[in-house]
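Student: Following this message is one structure expressed as structure tokens.
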Amino acid sequence: MDGTAPSWLKRITAILIDRRRELALLVLLSTALAAYVSRGLEFDQSIDSLYAADDPHLQEFLESKQYFGGDEFAFVTWEEPQLFEPNSVQLTEASRQRIRELSAKLSDIPGVRKQSTQDLERALRFPYGRRKIRQLMQGVLVDVEGKVTAVAVRLEPESSTPVPRAETILQIRMVADKHTNTHDVETYIVGEPVQIHEMFRIVERDGDVLFRVSFALLALVIYIFFRSLRWVFLPLLVVLVTIFWTKSILVASGLKLSMVSSMLNSLVTIIAVATVTHVTVHFRELRQSLQREEALRQTLTELLPAIFWTCATTAVGFAALLSSHITPVRSFGLMMALASGLVFVAAVCLLPGAILLGSRGQAPGNAPAEGYLGMLLARITISVRHHPRIVAAVAVGITLFAAAGLRGLEVETDFSKNFRKTSPTVRSLDFVETRLGGAGTWEVNFPAPKTLDSEYLARVRRLAGKLRNHVRREHPNLTKVVSLPDGLGVVPEKILFKLDLDTRMGMLSKFQPEFVPSMYDPENGRMRIVLRAVERQRAEEKDELIAAVLAETRKEFPDAKATGLFVLLKSLIQSLLSDQVVSFALAACGITLMMAIAFRSVRIGLISIVPNLMPIVLVVGCMGWTGLPINIATAMIASVSMGLTVDSTVHFIAGFRRARARGASIDDALHETHQGVGRALVFANVALIVGFLVLTVSEFIPLAYFGLLVSVAMLGGLLGNLFLLPVLLACVDGRCTPVVSETHTEPATTSADV
């Protein structure tokens, strides 16, 4: 990538310029087709997809759904001050009417399993043991004080539902809103299916809306920098073309977007804007002394290799995610590697035609106070050459300080922390956590005989008692324990004559049709105890609670398993983090190798990775120091940052090597690179940081964290490439010692600085 441009590169440049109209037309036509095809891209909203296929937590969860039908319940709950008659378990007429009316409307919603709807009015129709029934339903359909009630509806499996799950939940919300307006009481909706749907809905909505806002803000910043609509239009056009191409290929290959890959648009924007900004600044410099076409020809000749290797190294960095065991992570790595390559194709095919369009193409203008930026970059050059040891020491110090924050990293397992405190989801969770004993539903299941007998049920009853008393005493966040014997306990053992077990189970099914099959699967020989727990607790507390319940259960049933969405969501971040160390190591090795090949130097390859590791340590360390937890969106921040910050390194090294190949000294080469490539780095990173900070207003907290942390990573990468990389390049060229005299006390004055 250095020295006089080879003949093959000049020929490619000539083809791109001579055939610019045909290439641009081909790109636009293919983009129109891709835009149409991309409308078929689907968003996978399955929580199962965020786990490796062989993940033991996922396997146990799917087995439980097969045994007991799954706990996909939505709870519609509200405060009912006059729920019971005074000193009675009899519902008041008004509350009975409201519960019956709401229950009927919810049961008629498509996608709701009508026969499985549970409500307090229906449960108390049973003529025996109403006090026991109320106690059984406490923490599920009624609170301890008897002032809150709920209707629980069971959702059909997504594979067999007559309408999309989103439509079912929307209609549940509409019915709940009508209940609120009619009876002037706030109605809350909770349940793991609702929470998961809400998470995916906000990610999809905010990812789209905030991308558009960020896109517009980015356009404004670029216009301020270059004072020309043409040069605003160019990078944004490359972004859109790349996105449409990528999405259409995903549709054709049958891949779907997921929670992980929802960042596709934003990351493509980073790669494309950075690429076009370097072309813009380089073309502007050459345009001061050359005609438009000649300036473009020389720009492409000098920058094409750098653009190619930038996209190639970025693609390799993201391709390292293919080592993941999680399908969406692998898909994300594949789509970003593909998008990185398509940025190169879109840029080289579109830019010549767009830049030379019209008889008088306006050159990029100058940014406000660009002269001061030139002086600042000149002073950076002087500081780097006169105080390399100080620069290196500061970089090491910052890195070590940030690395110390790694000890403070925590994993976020509180599902409510994914949303802002004012969101309906969090307010609903708060209500259930404080009034109905927790929103986390889970279970322990264990072997059972094909035919139940009193001895086996006594063992289950004894276990439930131990969980309810002994375990709950040490772990008060365990709020509810329900077993099959608890349900049978509300049915009298004798009515005129003693009732056998089958008769009692039949009577239980009359007022709770789903109770027995949701607890006992005779075909597969499996029994379970259903548990409720507080969702809003630390990961360590959840681990301790699950371990304690499982340990107690295995004393009675050694083959017991703990599962449910409470357990599954607890392990979600660990699932995403589990193979990120391997992916990150592969990305670092792959990028180092690509840089060594690009610059034909192993030493260049090795030093190029240093300024890209620093921002990653800075980002992850800052998370530890500031208390930002690792969540769904930030679990892969290290791998993502590696793929993004390497672009600046490639262009800086390429610019430095071009200057050295022309005979410039190390000091002059660094000065020239800072004034040219350095400006492009500042423009691109400032524009992107401003654009990405828009994500911090997202209702989905992990997306807000992602916008903030990517901005920090880009800022860290910019500082690393402007300060630390020059020191390393000078050492590679044999000049590690400080410069005694200043080569440049003031920046060279150009028309760009005027």
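Identifiers in the structure tokens: chain A, B, ... in order shown; residue index from 1 per chain; ligand index from 1 in order shown.
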Fewer than 4 positions away in the same chain doesn't count, so skip those; otherwise give me all residues within 7 Å of Ile270 in chain A, counting only C-alpha atoms, as an NGL selection string.
Tutor: :A and (266 or 274 or 688)
Student: With C-alpha atoms kept, could you save the residues just selected as a CSV table (one decimal), in the first residue's frame?
Tutor:
```
chain,number,residue,atom,x,y,z
A,266,SER,CA,-26.3,1.8,12.9
A,274,ALA,CA,-16.1,6.9,7.8
A,688,LEU,CA,-20.9,9.6,14.2
```
Student: Would you list the contacts of Ile222 in chain A as a PyMOL selection string, taking every protein, DNA or RNA residue within 6 Å and counting only C-alpha atoms, but skipping same-chain residues closer than 3 positions in sequence?
Tutor: chain A and resi 219+225+232
Student: May I ask which of the residues A:Leu338, A:Leu350, A:Ala638, A:Met174 is the closest one to Leu25 in chain A, counting only C-alpha atoms?
Tutor: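 Nearest to Leu25 in chain A: A:Leu350.
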Student: Which residues come within 12 Å of Leu50 in chain A, counting only C-alpha atoms, excluding same-chain residues fewer than 4 positions away, as an mmCIF file with N, CA and C atoms, in the first residue's frame?
Tutor:
```cif
data_model
loop_
_atom_site.group_PDB
_atom_site.id
_atom_site.type_symbol
_atom_site.label_atom_id
_atom_site.label_comp_id
_atom_site.auth_asym_id
_atom_site.auth_seq_id
_atom_site.Cartn_x
_atom_site.Cartn_y
_atom_site.Cartn_z
ATOM 1 N N ASP A 44 -36.997 -11.921 14.160
ATOM 2 C CA ASP A 44 -37.223 -13.091 15.005
ATOM 3 C C ASP A 44 -37.393 -12.636 16.454
ATOM 4 N N GLN A 45 -38.606 -12.816 16.988
ATOM 5 C CA GLN A 45 -38.899 -12.362 18.341
ATOM 6 C C GLN A 45 -38.959 -13.513 19.335
ATOM 7 N N SER A 46 -38.295 -14.600 19.022
ATOM 8 C CA SER A 46 -38.282 -15.745 19.921
ATOM 9 C C SER A 46 -37.126 -15.621 20.903
ATOM 10 N N ASP A 54 -27.666 -26.244 22.028
ATOM 11 C CA ASP A 54 -27.371 -27.270 23.035
ATOM 12 C C ASP A 54 -27.248 -26.681 24.450
ATOM 13 N N ASP A 55 -27.690 -25.437 24.643
ATOM 14 C CA ASP A 55 -27.641 -24.833 25.970
ATOM 15 C C ASP A 55 -28.523 -25.640 26.920
ATOM 16 N N HIS A 57 -29.890 -24.945 29.780
ATOM 17 C CA HIS A 57 -31.045 -24.200 30.289
ATOM 18 C C HIS A 57 -32.169 -24.185 29.256
ATOM 19 N N LEU A 58 -31.801 -23.998 27.997
ATOM 20 C CA LEU A 58 -32.810 -23.985 26.938
ATOM 21 C C LEU A 58 -33.437 -25.360 26.763
ATOM 22 N N LEU A 257 -33.610 -10.904 11.152
ATOM 23 C CA LEU A 257 -33.033 -10.023 12.153
ATOM 24 C C LEU A 257 -33.410 -10.533 13.535
ATOM 25 N N SER A 258 -32.566 -10.244 14.506
ATOM 26 C CA SER A 258 -32.840 -10.670 15.872
ATOM 27 C C SER A 258 -32.507 -9.526 16.810
ATOM 28 N N MET A 259 -32.647 -9.778 18.098
ATOM 29 C CA MET A 259 -32.277 -8.776 19.091
ATOM 30 C C MET A 259 -30.826 -8.342 18.894
ATOM 31 N N VAL A 260 -29.964 -9.282 18.579
ATOM 32 C CA VAL A 260 -28.534 -8.999 18.412
ATOM 33 C C VAL A 260 -28.287 -8.165 17.166
ATOM 34 N N SER A 261 -28.930 -8.534 16.051
ATOM 35 C CA SER A 261 -28.645 -7.881 14.772
ATOM 36 C C SER A 261 -29.481 -6.642 14.524
ATOM 37 N N SER A 324 -19.349 -18.315 17.337
ATOM 38 C CA SER A 324 -20.332 -18.394 18.414
ATOM 39 C C SER A 324 -21.219 -19.628 18.260
ATOM 40 N N HIS A 325 -21.720 -20.127 19.391
ATOM 41 C CA HIS A 325 -22.650 -21.243 19.378
ATOM 42 C C HIS A 325 -24.102 -20.774 19.276
ATOM 43 N N ILE A 326 -24.306 -19.467 19.310
ATOM 44 C CA ILE A 326 -25.661 -18.914 19.295
ATOM 45 C C ILE A 326 -25.996 -18.467 17.878
ATOM 46 N N THR A 327 -27.076 -18.975 17.353
ATOM 47 C CA THR A 327 -27.435 -18.732 15.956
ATOM 48 C C THR A 327 -27.557 -17.247 15.627
ATOM 49 N N PRO A 328 -28.279 -16.414 16.396
ATOM 50 C CA PRO A 328 -28.373 -14.996 16.043
ATOM 51 C C PRO A 328 -27.024 -14.275 16.046
ATOM 52 N N VAL A 329 -26.108 -14.685 16.939
ATOM 53 C CA VAL A 329 -24.783 -14.056 16.971
ATOM 54 C C VAL A 329 -24.010 -14.428 15.707
ATOM 55 N N ARG A 330 -24.094 -15.697 15.314
ATOM 56 C CA ARG A 330 -23.446 -16.110 14.063
ATOM 57 C C ARG A 330 -24.046 -15.357 12.878
ATOM 58 N N SER A 331 -25.369 -15.243 12.858
ATOM 59 C CA SER A 331 -26.032 -14.531 11.766
ATOM 60 C C SER A 331 -25.609 -13.067 11.739
ATOM 61 N N PHE A 332 -25.490 -12.470 12.931
ATOM 62 C CA PHE A 332 -25.060 -11.082 13.020
ATOM 63 C C PHE A 332 -23.641 -10.922 12.473
ATOM 64 N N LEU A 568 -34.436 -18.986 32.783
ATOM 65 C CA LEU A 568 -33.884 -18.790 31.441
ATOM 66 C C LEU A 568 -33.383 -17.363 31.263
ATOM 67 N N LEU A 569 -34.188 -16.385 31.683
ATOM 68 C CA LEU A 569 -33.776 -14.992 31.537
ATOM 69 C C LEU A 569 -32.577 -14.671 32.424
ATOM 70 N N SER A 571 -30.086 -16.544 32.901
ATOM 71 C CA SER A 571 -28.869 -17.017 32.235
ATOM 72 C C SER A 571 -28.684 -16.415 30.850
ATOM 73 N N LEU A 572 -29.559 -15.462 30.472
ATOM 74 C CA LEU A 572 -29.509 -14.916 29.118
ATOM 75 C C LEU A 572 -28.175 -14.255 28.818
ATOM 76 N N ILE A 573 -27.729 -13.357 29.694
ATOM 77 C CA ILE A 573 -26.493 -12.622 29.423
ATOM 78 C C ILE A 573 -25.296 -13.563 29.445
ATOM 79 N N GLN A 574 -25.314 -14.547 30.407
ATOM 80 C CA GLN A 574 -24.225 -15.528 30.422
ATOM 81 C C GLN A 574 -24.171 -16.287 29.104
ATOM 82 N N SER A 575 -25.345 -16.547 28.521
ATOM 83 C CA SER A 575 -25.395 -17.246 27.238
ATOM 84 C C SER A 575 -24.719 -16.426 26.145
ATOM 85 N N LEU A 576 -24.993 -15.117 26.138
ATOM 86 C CA LEU A 576 -24.390 -14.258 25.123
ATOM 87 C C LEU A 576 -22.900 -14.039 25.375
ATOM 88 N N LEU A 577 -22.515 -13.996 26.654
ATOM 89 C CA LEU A 577 -21.115 -13.735 26.995
ATOM 90 C C LEU A 577 -20.221 -14.961 26.845
ATOM 91 N N SER A 578 -20.813 -16.141 26.902
ATOM 92 C CA SER A 578 -20.046 -17.379 27.061
ATOM 93 C C SER A 578 -18.947 -17.560 26.023
ATOM 94 N N ILE A 632 -28.242 -7.143 27.436
ATOM 95 C CA ILE A 632 -28.418 -7.817 26.143
ATOM 96 C C ILE A 632 -27.620 -7.142 25.038
ATOM 97 N N ALA A 633 -27.635 -5.807 24.989
ATOM 98 C CA ALA A 633 -26.992 -5.091 23.892
ATOM 99 C C ALA A 633 -25.501 -4.903 24.097
ATOM 100 N N ALA A 635 -23.401 -7.027 25.716
ATOM 101 C CA ALA A 635 -22.657 -8.270 25.922
ATOM 102 C C ALA A 635 -21.588 -8.462 24.850
#
```
Student: Check the DSSP output for the backbone and give back, as a count of residues only, the residues of range 384-510 of chain A in strand (DSSP E).
Tutor: 17
Student: Identify, on the basis of only C-alpha atoms, every residue whose closest approach to Phe656 in chain A does not exceed 9 Å; exclude the query and any residue fewer than 5 positions from it along the same chain; express the result as number ranges by chain.
Tutor: A: 651, 661, 666, 669-670, 672-674, 677, 726, 729
Student: Can those selected residues be exported to a file as a PDB file, in the first residue's frame so that it contains N, CA and C atoms?
Tutor:
```
ATOM      1  N   HIS A 651      -6.485   3.746   7.730  1.00  0.00           N
ATOM      2  CA  HIS A 651      -6.299   4.982   6.963  1.00  0.00           C
ATOM      3  C   HIS A 651      -5.100   5.783   7.475  1.00  0.00           C
ATOM      4  N   ALA A 661       6.751   7.139   1.502  1.00  0.00           N
ATOM      5  CA  ALA A 661       7.160   6.647   0.178  1.00  0.00           C
ATOM      6  C   ALA A 661       7.548   7.797  -0.743  1.00  0.00           C
ATOM      7  N   ILE A 666      10.115  11.228   8.995  1.00  0.00           N
ATOM      8  CA  ILE A 666       9.097  10.729   9.923  1.00  0.00           C
ATOM      9  C   ILE A 666       8.259  11.886  10.460  1.00  0.00           C
ATOM     10  N   ALA A 669       6.079  13.265   7.688  1.00  0.00           N
ATOM     11  CA  ALA A 669       5.034  12.295   7.342  1.00  0.00           C
ATOM     12  C   ALA A 669       3.923  12.295   8.381  1.00  0.00           C
ATOM     13  N   LEU A 670       4.304  12.376   9.671  1.00  0.00           N
ATOM     14  CA  LEU A 670       3.286  12.424  10.720  1.00  0.00           C
ATOM     15  C   LEU A 670       2.489  13.721  10.644  1.00  0.00           C
ATOM     16  N   GLU A 672       1.945  15.571   7.967  1.00  0.00           N
ATOM     17  CA  GLU A 672       1.073  15.491   6.796  1.00  0.00           C
ATOM     18  C   GLU A 672      -0.118  14.568   7.056  1.00  0.00           C
ATOM     19  N   THR A 673       0.136  13.456   7.729  1.00  0.00           N
ATOM     20  CA  THR A 673      -0.945  12.499   8.006  1.00  0.00           C
ATOM     21  C   THR A 673      -1.948  13.079   8.982  1.00  0.00           C
ATOM     22  N   HIS A 674      -1.463  13.767  10.005  1.00  0.00           N
ATOM     23  CA  HIS A 674      -2.379  14.400  10.948  1.00  0.00           C
ATOM     24  C   HIS A 674      -3.240  15.457  10.258  1.00  0.00           C
ATOM     25  N   VAL A 677      -5.340  12.832   6.968  1.00  0.00           N
ATOM     26  CA  VAL A 677      -6.123  11.728   7.523  1.00  0.00           C
ATOM     27  C   VAL A 677      -6.685  12.106   8.892  1.00  0.00           C
ATOM     28  N   PRO A 726       0.939   7.209  16.213  1.00  0.00           N
ATOM     29  CA  PRO A 726       2.154   7.858  15.686  1.00  0.00           C
ATOM     30  C   PRO A 726       3.420   7.461  16.435  1.00  0.00           C
ATOM     31  N   LEU A 729       4.335   4.017  15.153  1.00  0.00           N
ATOM     32  CA  LEU A 729       4.833   4.057  13.772  1.00  0.00           C
ATOM     33  C   LEU A 729       6.263   4.602  13.723  1.00  0.00           C
TER      34      LEU A 729
END
```
Student: List the spatial neighbours of range 537-554 of chain A as a PyMOL selection string - criterion: any atom at most 10 Å away, only C-alpha atoms, same-chain residues fewer than 2 positions off excluded.
Tutor: chain A and resi 410-415+442-446+460+463-464+466-468+470-472+474-478+529+531+533-535+556-563+566-567+570-571
Student: Which residues, written as a ChimeraX atom specification, have at least one atom at most 8 Å from range 490-496 of chain A, with only C-alpha atoms counted and residues fewer than 4 positions away on the same chain left out?
Tutor: /A:128-130,132-133,486,500,504,507-508
Student: DSSP says alpha helix (DSSP H) for which residues of range 276-502 of chain A? Put them as a PyMOL selection string?
Tutor: chain A and resi 276-287+292-319+327-355+370-386+388-404+424-435+454-466+472-474+484-488+501-502
Student: Expressed in Å to a single decimal, how great is the separation between CA of Met642 in chain A and CA of Ser608 in chain A?
Tutor: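 Separation between CA of Met642 in chain A and CA of Ser608 in chain A: 11.6 Å.
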Student: Write out as a PyMOL selection string which residues come within 9 Å of range 591-596 of chain A when counting only C-alpha atoms, dropping same-chain ones fewer than 5 positions away.
Tutor: chain A and resi 309+312-314+316-317+586+601-609+642-643+646+650
Student: Which residues of range 356-423 of chain A have any atom within 10 Å of an atom in range 681-684 of chain A when counting only C-alpha atoms, and what is the closest pair of atoms for each, with the distance in Å to one decimal? Order the rows by chain and rising number and write it as JSON lines.
Tutor:
```
{"residue": "A:Ala367", "atom": "CA", "partner": "A:Phe683", "partner_atom": "CA", "distance": 8.9}
{"residue": "A:Leu373", "atom": "CA", "partner": "A:Val682", "partner_atom": "CA", "distance": 9.0}
{"residue": "A:Leu377", "atom": "CA", "partner": "A:Val682", "partner_atom": "CA", "distance": 9.9}
```
Student: Report, in Å to a single decimal, how far apart CA of Leu695 in chain A and CA of Leu217 in chain A are.
Tutor: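 If I compute the distance from CA of Leu217 in chain A to CA of Leu695 in chain A, I get 11.8 Å.
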Student: Given the choices A:Gly655, A:Gly506, A:Thr479, A:Arg297, which gets closest to Arg11 in chain A if the distance is worked out from only C-alpha atoms?
Tutor: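 For Arg11 in chain A, the nearest of the given residues is A:Arg297.
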